[in-house]
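**Q** Please find one structure pasted underneath; my questions will follow.
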Amino acid sequence: MSSTARAAVSADSRRGRSRVSPAFWLILPSIVFMLFLFAYPMVEGIRAGFTSDLTGALTLDNWGRMVNDPYFTRAVRNTLLLIVVVIPVQFLFAIIMALLLQAKPRGTALYFYLWAIPLAISDLAAGLVWLSIFADQGYLNSVLVGFGLQPFSWLSYQSPGTQFLAVAMAEVWRATSLVLVIIVSGMQGIPKDYDEAAAVLGANYWQRLRHITLPLLKPSLQVALILRTILAFQTFAVAQALTGESFPLLVGETYRWYSALNNSNVASVYSLVIMAISMITAVAYLRILRDQSRQVAK
Amino acid sequence: MSLQAFSTYLSRRTLFGIAGGMTIAGALAGCSGVSTTGGKGGDAMLFSTQFTPIEEKQRFEQVLAAYVTDPKTSFSSVAVAEFTTSLKTQVDAKQLQFTVAGALHGDLTPMPEYLEDIDDLVADASAAGIPQSMLDLGKLGGSTQKYIPWMQATYVVAVNKKALEWLPAGADVNALTYDQYLEWAKAANKANGKPVFGFPAGPKGLYHRWFQGYLLPSFTGAQVTRFTSDDAMTGWAWMQEFWAQCNPASTNYDNLQEPLARGEILVGWDHVARLVEAPKEKPEDWIMVPAPTGPMGLGYMLIVGGLAVPKGGDKALAAKVIKALSAPAAQIELLKQNAFFPVVKADLPDDLPAPVKLEAQAVAAQADSPKALLSLPPIGLGAKDGEMSQVFKDCFNEICLQGNAPKTVVPKYAATIATILEAAQVPCWSPDPAAAVCKVG
Amino acid sequence: MTTGTRTPVPVDLAPLRSYRRRRGLLQVACVIISAFMAVPIYLIAVAAFSTRAGLNQFPQPFYPANFGTETMSTFLSSTGITAGFINSMTVGIGTLLLSSLVGAPAGYAIARYMFRGKDSYQLFLLFTRALPIVVLSVPLARVFLAAQIYDRPVAVILLHSALALPTTILITSSVFLAVPVDAEEAARIFGCTPVGAFMRVVLPLALPGMAAASIFTFVMSWNEVLGATILTFSQRTLPAQVLSSLADSPLAYRFAGGLVLVIPALIFIAIMRKYLLNMWGTTIR
């Protein structure tokens with residue numbers, strides 16, 4: 001890629017272009033569009049976090065209220081736990097699915113369609129579906145009773161372990177398709193010649209996977225990882241449908257302070273925390289994955 | 001390199017033509033959409049937080065169509081957070097898109113400054129029979145009338161007749177004490193092998209009203225002024241024991257009518273509108289009873305819904321809508337359809353649907369009880385109303401869900417209430433004794 | 001030459017058996033995963049088409065034992081459903097077009113050019129997605145009220161395009177990366193202008209991948225509820241109209257509503273997915 005970039009840059013300089021790269025004009029519409037739309041709301045949103053809801057003066061009180069809230073630590077812990085567990089599982093799952101599709105079983109088209117379906121499902125519908133499965137009188141307990149076992153309260157606040165499992169499973173189901181589609185479109189860009197050449201030279205499937213497919217997939221993985229992480233920090237509808245308020249999450253707390261407690265200032269503070277964590281994570285991913293891809297792309 | 005792969009190419013003109021055409025079409029379409037409230041320009045619109053469930057909404061739209069004919073009024077109902085945001089932003093931008101706001105007292109409390117003064121509508125309202133005490137609620141703690149009471153509701157206990165066999169000896173289900181209620185729960189639990197009493201402790205559940213209007217007033221005679229008293233500790237200890245007898249899935253129950261209908265629970269306390277579906281299939285299997293009586297009386301809470309005019313709105317048009325909705329016939333119809341009781345003087349007919357009839361009996365028994373102790377939701381707290389409700393929810397969380405001792409939890413939250421009341425500087429509300437500035441006790 | 005019967009040479013069937021076994025396992029794995037993905041959808045369809053009493057049963061039957069269309073028909077005939085559907089289609093297609101128009105050039109720039117501030121630009125895009133929309137909602141509504149486009153699909157199109165832009169740019173950039181530069185350069189050498197080379201060489205090859213981006217965008221726009229709710233009042237999109245009422249409705253209606261929201265997106269994916277699959281095995285070079 002660097003060779004093509006060098007080619008492009010040198011071509012431009014040979015033509016004596018102005019110092020402004022044509023790339024600038026290409027990205028300009030998007031920058032203008034985003035700034036136009038989001039600049040004022042973002043400034044307002046951030047400012048609200050530092051404003052007192054009673055007097056309108058600048059203050060750090062909202063931060064204190066957030067930290068002292070009984071649900072804050074649990075929300076942070078649950079959010080991080082969910083991110084740490086669900087995202088790697090999703091990626092593993094999505095890569096496996098993409099590789100299965102690449103092997104072209106009979107019915108590839110149908111499988112791909114079925115696996116992409118959860119993309120279409122809204123948060124509410126996803127929450128409902130899994131609620132109907134995990135509820136006390138839901139499908140899972142129906143199956144257990146059918147086998148003569150005792151039904152179990154999967155979603156009860158008295159068993160936080162199964163609560164977490166239920167939320168994790170629902171999230172994996174709901175959001176893996178996003179990762180799958182990104183990885184699949186990335187896989188299309190991998191020329192088959194490398195793979196075939198390696199096979200001819202004696203590499204077995206796992207070696208080809210480790211040394212050719214996965215490294216060339218890195219740009220797509222990076223994209224998917226960053227996007228999925230940012231979105232993961234913001235989804236709570238499924239968790240709320242399943243567990244109500246006994247499994248607090250950061251975004252759920254943001255909504256709660258905003259709507260039930262009518263305090264958009266503390267809500268802003270929560271969202272700033274969310275933004276900070278997701279940005280740090282995104283930058284970390286960019287750094288980690290970028291260095292390795294530079295090495296691979298010679 | 002195979003050239004066939006490049007054989008399909010789009011000429012620049014074709015591509016631009018397609019893109020341009022679609023963009024123009026999109027832009028034209030985007031400029032005006034299709035109305036989703038069924039209303040057309042020039043009509044009135046009632047914007048509300050109530051009747052969001054689909055069936056209730058459809059029934060209310062029929063009531064509107066039948067009883068509010070001039071002007072033709074369309075209806076839009078949204079969640080409370082959205083209601084607040086929309087009202088505030090529209091009033092601020094002076095671009096109102098609705099005529100009348102219909103919401104509960106607690107929804108309108110945070111924004112008196114966004115509502116018009118409607119003192120001129122008070123005369124008609126009291127002539128229709130709305131009690132003065134209720135009209136005073138409509139001032140939202142200020143000096144001018146901000147909303148005209150529209151409907152009222154309260155909370156009762158729904159009982160599946162199956163559960164009656166475990167009633168303690170000598171107890172009258174229509175006049176239980178708290179201790180008898182607890183005994184009943186324990187007996188039912190033991191007999192069934194699993195808890196059959198429910199409690200609306202879900203995220204949208206109204207359980208904070210239980211503490212504000214039922215438990216604390218029945219044990220202490222007050223809502224906030226005796227918050228830290230020993231009687232309050234007794235009340236919370238009772239609650240801890242009672243919760244141990246409740247179905248743990250209650251933390252996911254936003255309303256009790258569905259678990260009751262499913263048979264997951266047999267007895268439960270909830271808002272009348274959230275219990276009314278349970279007896280629908282087989283009304284003969286159900287009874288509705290007043291809440292239990294405590295040492296200080298039968299504490300119960302009245303929820304009032306009101307009609308308000310947004311600041312800068314068309315008062316004349318709004319007045320017509322308000323008047324039409326205050327007609328006794330309209331309010332009776334609302335009772336029949338959606339289980340919200342009238343506020344004007346209206347004789348209840350005999351042809352009420354069976355579930356509503358059951359509820360009407362319980363409501364009357366509750367209000368007419370000699371030991372009845374009326375409790376109102378907080379008045380005048382403004383934007384802090386939500387935080388006040390949260391205090392009671394958090395107390396429940398710490399005392400019942402986490403099992404902490406009331407003695408350690410209650411003083412902590414008394415401090416929170418103190419902060420809220422300090423900032424609000426408002427007089428106390430029923431059942432607390434009137435005082436110039438309310439203080440937590 | 002000897003004629004006559006020859007003893008057949010024993011063919012080693014082991015590789016064939018192991019190949020068949022591998023293919024068999026492949027199918028089994030695919031079926032299991034498909035079941036995981038599709039069974040919940042099946043369940044919600046069954047629940048949406050059950051009678052109210054049927055939903056209260058325990059144990060719940062897995063087959064449509066209590067088939068009833070009453071909840072679906074009540075739901076579909078309630079006010080604003082068809083109008084919301086039309087509005088959602090308008091918004092979805094508008095978002096598709098706008099975000100592609102704005103995002104594709106940016107994706108091309110990221111794929112082809114190495115410019116200073118590339119990383120910061122990408123971070124900037126992600127930054128705008130990192131703040132939850134609930135906090136942006138009130139200022140955003142004010143902006144649109146001031147611009148007189150409040151409560152019009154145009155407002156929602158703008159918002160959804162902005163929300164979809166990071167995804168669109170990232171996916172189109174990885175799609176453009178897959179199109180070999182040599183083909184483009186060859187076109188230029190043969191006399192095309194840069195734009196012409198883009199139109200005739202890159203775009204046709206990139207269209208399938210851009211179709212993938214369009215799937216995301218349409219579906220995201222279709223399901224987005226909070227922003228649409230805040231920016232519209234009487235001309236709502238389907239989720240905005242429906243989800244606020246669904247949240248408090250009885251379970252049966254929530255299932256019906258959930259299913260109704262799912263179906264158009266399913267149809268859209270069915271139409272668009274063939275663009276993705278056409279590229280399988282036809283990678284250039």
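Letters A, B, ... go to the chains of the structure tokens in the order shown; residues in each chain start at 1; ligands are counted from 1 in the same order.
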Could the residues of chain C within 6 Å of chain B, counting only C-alpha atoms, be given as an NGL selection string, please?

**A** :C and (56 or 80 or 83-84 or 87 or 94 or 152-154 or 200 or 234-235 or 244-245 or 248-249)

**Q** Would you mind exporting the chosen residues as a short mmCIF file (atom, residue, chain, number, x, y, z; two decimals), in the first residue's frame, restricted to N, CA and C atoms?

**A**
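Once everything was written out, this is selection_35.cif:
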data_model
loop_
_atom_site.label_atom_id
_atom_site.label_comp_id
_atom_site.auth_asym_id
_atom_site.auth_seq_id
_atom_site.Cartn_x
_atom_site.Cartn_y
_atom_site.Cartn_z
N ASN C 56 -49.82 -16.79 27.44
CA ASN C 56 -49.75 -16.95 28.89
C ASN C 56 -49.53 -18.37 29.32
N GLY C 80 -51.05 5.68 12.44
CA GLY C 80 -49.68 6.09 12.20
C GLY C 80 -48.76 5.00 11.75
N ALA C 83 -48.25 5.44 7.86
CA ALA C 83 -47.55 6.71 7.67
C ALA C 83 -46.11 6.60 8.14
N GLY C 84 -45.94 5.97 9.29
CA GLY C 84 -44.59 5.79 9.81
C GLY C 84 -43.75 4.95 8.87
N ASN C 87 -42.66 7.14 6.04
CA ASN C 87 -41.61 8.05 6.48
C ASN C 87 -40.29 7.33 6.67
N GLY C 94 -33.13 8.08 1.73
CA GLY C 94 -32.42 9.35 1.73
C GLY C 94 -31.08 9.26 2.45
N ARG C 152 -39.44 17.23 10.06
CA ARG C 152 -39.49 16.84 8.65
C ARG C 152 -38.53 15.68 8.47
N PRO C 153 -38.84 14.79 7.54
CA PRO C 153 -37.91 13.68 7.29
C PRO C 153 -36.50 14.15 6.96
N VAL C 154 -36.39 15.33 6.37
CA VAL C 154 -35.05 15.85 6.03
C VAL C 154 -34.17 15.91 7.27
N ARG C 200 -14.99 4.37 -14.58
CA ARG C 200 -15.06 3.20 -15.43
C ARG C 200 -14.40 1.98 -14.83
N SER C 234 -44.92 14.98 14.56
CA SER C 234 -46.12 14.37 13.99
C SER C 234 -45.83 13.65 12.69
N GLN C 235 -44.57 13.64 12.27
CA GLN C 235 -44.25 12.92 11.04
C GLN C 235 -43.13 11.96 11.38
N SER C 244 -42.26 3.85 21.22
CA SER C 244 -42.68 4.51 22.46
C SER C 244 -43.96 3.88 22.96
N SER C 245 -44.82 3.44 22.05
CA SER C 245 -46.04 2.80 22.53
C SER C 245 -45.80 1.35 22.86
N ASP C 248 -44.69 0.13 26.68
CA ASP C 248 -45.62 -0.11 27.79
C ASP C 248 -46.73 -1.08 27.43
N SER C 249 -46.74 -1.52 26.20
CA SER C 249 -47.87 -2.33 25.77
C SER C 249 -47.74 -3.75 26.28
#

**Q** Could you list, as a list of chain:residue names, every residue within 8 Å of range 75-77 of chain A, counting only C-alpha atoms and ignoring same-chain residues fewer than 6 positions away?

**A**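 Those residues are A:Phe247, A:Pro248, A:Leu249, A:Leu250, A:Glu253.
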
**Q** Please dump the current selection as a PDB file, in the first residue's frame; keep N, CA and C atoms.

**A**
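Everything below was put into result30.pdb:
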ATOM      1  N   PHE A 247     -29.005  -4.780  36.396  1.00  0.00           N
ATOM      2  CA  PHE A 247     -27.712  -4.964  35.762  1.00  0.00           C
ATOM      3  C   PHE A 247     -27.336  -3.617  35.172  1.00  0.00           C
ATOM      4  N   PRO A 248     -26.916  -2.674  35.990  1.00  0.00           N
ATOM      5  CA  PRO A 248     -26.699  -1.322  35.471  1.00  0.00           C
ATOM      6  C   PRO A 248     -25.544  -1.268  34.497  1.00  0.00           C
ATOM      7  N   LEU A 249     -25.707  -0.455  33.465  1.00  0.00           N
ATOM      8  CA  LEU A 249     -24.645  -0.205  32.500  1.00  0.00           C
ATOM      9  C   LEU A 249     -24.486   1.299  32.366  1.00  0.00           C
ATOM     10  N   LEU A 250     -23.316   1.730  31.903  1.00  0.00           N
ATOM     11  CA  LEU A 250     -23.041   3.161  31.861  1.00  0.00           C
ATOM     12  C   LEU A 250     -24.067   3.932  31.046  1.00  0.00           C
ATOM     13  N   GLU A 253     -27.343   4.182  32.754  1.00  0.00           N
ATOM     14  CA  GLU A 253     -27.326   5.227  33.784  1.00  0.00           C
ATOM     15  C   GLU A 253     -27.472   6.599  33.159  1.00  0.00           C
TER      16      GLU A 253
END

**Q** Kindly provide, as number ranges by chain, the residues of chain A having any atom no farther than 10 Å from an atom of chain B, counting only C-alpha atoms.

**A** A: 53-54, 70-71, 135-137, 153-158, 240-246, 255-263

**Q** Could you write out that same residue set with N, CA and C atoms as an mmCIF file, in the first residue's frame?

**A**
data_model
loop_
_atom_site.group_PDB
_atom_site.id
_atom_site.type_symbol
_atom_site.label_atom_id
_atom_site.label_comp_id
_atom_site.auth_asym_id
_atom_site.auth_seq_id
_atom_site.Cartn_x
_atom_site.Cartn_y
_atom_site.Cartn_z
ATOM 1 N N ASP A 53 -26.954 22.167 37.620
ATOM 2 C CA ASP A 53 -28.327 22.135 37.116
ATOM 3 C C ASP A 53 -29.205 23.153 37.824
ATOM 4 N N LEU A 54 -28.754 23.661 38.978
ATOM 5 C CA LEU A 54 -29.592 24.606 39.712
ATOM 6 C C LEU A 54 -29.262 26.046 39.340
ATOM 7 N N PRO A 70 -24.898 5.232 43.973
ATOM 8 C CA PRO A 70 -24.700 3.814 44.318
ATOM 9 C C PRO A 70 -24.557 2.896 43.115
ATOM 10 N N TYR A 71 -25.078 3.296 41.959
ATOM 11 C CA TYR A 71 -25.019 2.394 40.816
ATOM 12 C C TYR A 71 -23.782 2.608 39.947
ATOM 13 N N ALA A 135 -37.114 -15.800 30.119
ATOM 14 C CA ALA A 135 -38.054 -15.435 31.184
ATOM 15 C C ALA A 135 -38.435 -16.664 32.002
ATOM 16 N N ASP A 136 -38.982 -16.393 33.193
ATOM 17 C CA ASP A 136 -39.339 -17.501 34.078
ATOM 18 C C ASP A 136 -40.286 -18.488 33.417
ATOM 19 N N GLN A 137 -41.168 -17.966 32.575
ATOM 20 C CA GLN A 137 -42.071 -18.869 31.869
ATOM 21 C C GLN A 137 -41.744 -18.877 30.389
ATOM 22 N N SER A 153 -34.634 -19.449 37.480
ATOM 23 C CA SER A 153 -34.830 -18.014 37.225
ATOM 24 C C SER A 153 -33.554 -17.411 36.686
ATOM 25 N N TRP A 154 -33.402 -17.452 35.366
ATOM 26 C CA TRP A 154 -32.159 -16.997 34.757
ATOM 27 C C TRP A 154 -31.939 -15.506 34.956
ATOM 28 N N LEU A 155 -33.011 -14.736 34.986
ATOM 29 C CA LEU A 155 -32.855 -13.290 34.970
ATOM 30 C C LEU A 155 -33.041 -12.662 36.336
ATOM 31 N N SER A 156 -33.166 -13.467 37.353
ATOM 32 C CA SER A 156 -33.435 -12.910 38.673
ATOM 33 C C SER A 156 -32.225 -12.156 39.193
ATOM 34 N N TYR A 157 -32.482 -11.116 39.969
ATOM 35 C CA TYR A 157 -31.374 -10.338 40.509
ATOM 36 C C TYR A 157 -30.573 -11.152 41.509
ATOM 37 N N GLN A 158 -31.132 -12.281 41.915
ATOM 38 C CA GLN A 158 -30.415 -13.102 42.888
ATOM 39 C C GLN A 158 -29.338 -13.958 42.246
ATOM 40 N N GLN A 240 -31.375 -3.931 29.281
ATOM 41 C CA GLN A 240 -32.494 -3.416 30.058
ATOM 42 C C GLN A 240 -33.728 -4.285 29.879
ATOM 43 N N ALA A 241 -33.941 -4.759 28.643
ATOM 44 C CA ALA A 241 -35.111 -5.606 28.421
ATOM 45 C C ALA A 241 -34.990 -6.890 29.241
ATOM 46 N N LEU A 242 -33.779 -7.413 29.335
ATOM 47 C CA LEU A 242 -33.609 -8.688 30.019
ATOM 48 C C LEU A 242 -33.592 -8.543 31.532
ATOM 49 N N THR A 243 -32.901 -7.524 32.035
ATOM 50 C CA THR A 243 -32.651 -7.509 33.472
ATOM 51 C C THR A 243 -33.222 -6.299 34.179
ATOM 52 N N GLY A 244 -33.867 -5.415 33.439
ATOM 53 C CA GLY A 244 -34.404 -4.238 34.104
ATOM 54 C C GLY A 244 -33.290 -3.367 34.620
ATOM 55 N N GLU A 245 -33.363 -2.967 35.884
ATOM 56 C CA GLU A 245 -32.311 -2.103 36.393
ATOM 57 C C GLU A 245 -31.366 -2.842 37.321
ATOM 58 N N SER A 246 -31.459 -4.170 37.360
ATOM 59 C CA SER A 246 -30.575 -4.864 38.287
ATOM 60 C C SER A 246 -29.233 -5.180 37.656
ATOM 61 N N TYR A 255 -29.112 7.391 30.448
ATOM 62 C CA TYR A 255 -30.530 7.565 30.143
ATOM 63 C C TYR A 255 -31.335 7.800 31.406
ATOM 64 N N ARG A 256 -30.991 7.080 32.473
ATOM 65 C CA ARG A 256 -31.778 7.196 33.690
ATOM 66 C C ARG A 256 -31.652 8.589 34.274
ATOM 67 N N TRP A 257 -30.429 9.117 34.330
ATOM 68 C CA TRP A 257 -30.260 10.468 34.859
ATOM 69 C C TRP A 257 -30.942 11.481 33.967
ATOM 70 N N TYR A 258 -30.945 11.200 32.658
ATOM 71 C CA TYR A 258 -31.540 12.148 31.745
ATOM 72 C C TYR A 258 -33.054 12.137 31.856
ATOM 73 N N SER A 259 -33.652 10.934 31.884
ATOM 74 C CA SER A 259 -35.112 10.886 31.779
ATOM 75 C C SER A 259 -35.782 10.799 33.137
ATOM 76 N N ALA A 260 -35.466 9.781 33.932
ATOM 77 C CA ALA A 260 -36.192 9.612 35.183
ATOM 78 C C ALA A 260 -35.816 10.688 36.191
ATOM 79 N N LEU A 261 -34.546 11.042 36.249
ATOM 80 C CA LEU A 261 -34.108 11.987 37.262
ATOM 81 C C LEU A 261 -34.022 13.399 36.723
ATOM 82 N N ASN A 262 -34.334 13.583 35.455
ATOM 83 C CA ASN A 262 -34.468 14.925 34.899
ATOM 84 C C ASN A 262 -33.220 15.773 35.067
ATOM 85 N N ASN A 263 -32.072 15.146 35.034
ATOM 86 C CA ASN A 263 -30.855 15.887 35.301
ATOM 87 C C ASN A 263 -29.903 15.676 34.138
#

**Q** Leu126 in chain C: which residues within 8 Å, counting only C-alpha atoms, same-chain residues fewer than 6 positions away excluded, as a list of chain:residue names?

**A**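 My reading of the contact set: A:Leu227, A:Ile230, A:Met279, C:Pro166.
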
**Q** Quick one: everything within 12 Å of Ile33 in chain C, counting only C-alpha atoms, minus sequence neighbours fewer than 5 positions away in the same chain. Send it as a list in words.

**A**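 Once the nearby chain positions are removed, what remains is Phe93, Ala94, Ile96, Met97, Ala98, Leu100, Leu101, Tyr111, Phe112, Leu114, Trp115, Ala116, Trp173, Thr176 and Ser177 of chain A; Leu26, Gln27, Val28, Ala38 and Val39 of chain C.
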
**Q** If we count only C-alpha atoms and set the cut-off at 10 Å, which residues sit around Phe144 in chain C, ignoring sequence neighbours fewer than 2 positions away in its own chain? Please answer as number ranges by chain.

**A** A: 37; C: 139-142, 146-152, 154-156, 231-232

**Q** What does the file look like for those residues with N, CA and C atoms, as a tab-separated table (two decimals), in the first residue's frame?

**A**
chain	number	residue	atom	x	y	z
A	37	LEU	N	-23.35	19.67	11.66
A	37	LEU	CA	-24.45	19.04	12.37
A	37	LEU	C	-24.15	18.88	13.85
C	139	PRO	N	-29.79	19.96	22.33
C	139	PRO	CA	-29.19	20.98	21.44
C	139	PRO	C	-29.48	20.71	19.97
C	140	LEU	N	-29.50	19.42	19.61
C	140	LEU	CA	-29.76	19.06	18.22
C	140	LEU	C	-31.16	19.50	17.82
C	141	ALA	N	-32.12	19.25	18.70
C	141	ALA	CA	-33.49	19.66	18.39
C	141	ALA	C	-33.57	21.17	18.22
C	142	ARG	N	-32.81	21.88	19.06
C	142	ARG	CA	-32.81	23.35	18.94
C	142	ARG	C	-32.26	23.78	17.59
C	146	ALA	N	-34.38	25.85	14.84
C	146	ALA	CA	-33.93	27.14	14.31
C	146	ALA	C	-33.85	27.11	12.80
C	147	ALA	N	-33.45	25.95	12.26
C	147	ALA	CA	-33.31	25.86	10.80
C	147	ALA	C	-34.63	25.55	10.13
C	148	GLN	N	-35.71	25.51	10.90
C	148	GLN	CA	-37.04	25.30	10.34
C	148	GLN	C	-37.21	23.95	9.68
C	149	ILE	N	-36.41	22.99	10.02
C	149	ILE	CA	-36.62	21.67	9.42
C	149	ILE	C	-36.99	20.65	10.48
C	150	TYR	N	-37.39	21.13	11.65
C	150	TYR	CA	-37.85	20.23	12.68
C	150	TYR	C	-39.10	19.50	12.21
C	151	ASP	N	-39.22	18.27	12.62
C	151	ASP	CA	-40.40	17.48	12.29
C	151	ASP	C	-40.54	17.23	10.78
C	152	ARG	N	-39.44	17.23	10.06
C	152	ARG	CA	-39.49	16.84	8.65
C	152	ARG	C	-38.53	15.68	8.47
C	154	VAL	N	-36.39	15.33	6.37
C	154	VAL	CA	-35.05	15.85	6.03
C	154	VAL	C	-34.17	15.91	7.27
C	155	ALA	N	-34.75	16.34	8.38
C	155	ALA	CA	-33.96	16.43	9.61
C	155	ALA	C	-33.42	15.06	10.01
C	156	VAL	N	-34.29	14.06	9.93
C	156	VAL	CA	-33.86	12.74	10.33
C	156	VAL	C	-32.84	12.18	9.34
C	231	LEU	N	-36.32	14.36	16.90
C	231	LEU	CA	-36.36	15.35	15.84
C	231	LEU	C	-37.70	15.43	15.13
C	232	THR	N	-38.62	14.55	15.46
C	232	THR	CA	-39.91	14.60	14.77
C	232	THR	C	-41.01	14.65	15.80

**Q** Mind pulling up the distance from CA of Leu298 in chain B to CA of Ala418 in chain B?

**A**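 Straight-line distance from CA of Ala418 in chain B to CA of Leu298 in chain B works out to 26.0 Å.
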
**Q** I need the residue nearest Leu180 in chain A from this list: A:Pro118, A:Pro160, A:Pro151, A:Pro22. Use only C-alpha atoms for the distance.

**A** A:Pro118

**Q** Within 7 Å of range 218-220 of chain A, counting only C-alpha atoms, which residues show up once you throw out same-chain ones fewer than 6 positions away? Write them as a PyMOL selection string, please.

**A** (chain A and resi 182-183+186+293) or (chain C and resi 174)

**Q** Write a file of the selected residues as a PDB file, in the first residue's frame, keeping N, CA and C atoms.

**A**
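Contents of the output file again19.pdb:
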ATOM      1  N   ILE A 182     -18.483  -7.010   7.918  1.00  0.00           N
ATOM      2  CA  ILE A 182     -17.244  -6.265   7.663  1.00  0.00           C
ATOM      3  C   ILE A 182     -16.109  -7.218   7.307  1.00  0.00           C
ATOM      4  N   ILE A 183     -16.011  -8.317   8.054  1.00  0.00           N
ATOM      5  CA  ILE A 183     -14.920  -9.253   7.778  1.00  0.00           C
ATOM      6  C   ILE A 183     -15.108  -9.907   6.421  1.00  0.00           C
ATOM      7  N   GLY A 186     -14.072  -7.688   3.824  1.00  0.00           N
ATOM      8  CA  GLY A 186     -12.613  -7.589   3.832  1.00  0.00           C
ATOM      9  C   GLY A 186     -11.976  -8.801   3.187  1.00  0.00           C
ATOM     10  N   SER A 293       0.410  -4.173  11.082  1.00  0.00           N
ATOM     11  CA  SER A 293       0.088  -4.233   9.652  1.00  0.00           C
ATOM     12  C   SER A 293       1.183  -3.578   8.836  1.00  0.00           C
TER      13      SER A 293
ATOM     14  N   SER C 174     -12.143   0.322   2.892  1.00  0.00           N
ATOM     15  CA  SER C 174     -11.567  -1.012   2.762  1.00  0.00           C
ATOM     16  C   SER C 174     -11.981  -1.653   1.446  1.00  0.00           C
TER      17      SER C 174
END

**Q** My list of candidates is C:Tyr19, C:Phe198, C:Phe49, C:Phe176. Which is closest to chain A when distances are computed with only C-alpha atoms?

**A** C:Phe176

**Q** Would you pick out the contacts of Tyr139 in chain A at 10 Å or less, using only C-alpha atoms, so that residues sharing its chain but fewer than 2 positions from it are not included, and give the list as a list in words?

**A**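 Using only C-alpha atoms, the neighbours found are Trp130, Leu131, Ser132, Ile133, Phe134, Ala135, Asp136, Gln137, Asn141, Ser142, Val143, Leu144 and Val145 of chain A; Leu43, Phe58, Pro59, Gln60, Pro61 and Phe62 of chain C.
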
**Q** Tell me, which residues of range 3-121 of chain C carry DSSP alpha helix (DSSP H), written as a ChimeraX atom specification?

**A** /C:14-48,52-55,70-77,81-112,118-121

**Q** In Å, rounded to a single decimal, give me how far CA of Ser88 in chain C is from CA of Trp222 in chain C.

**A**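 Separation of CA of Trp222 in chain C and CA of Ser88 in chain C: 6.3 Å.
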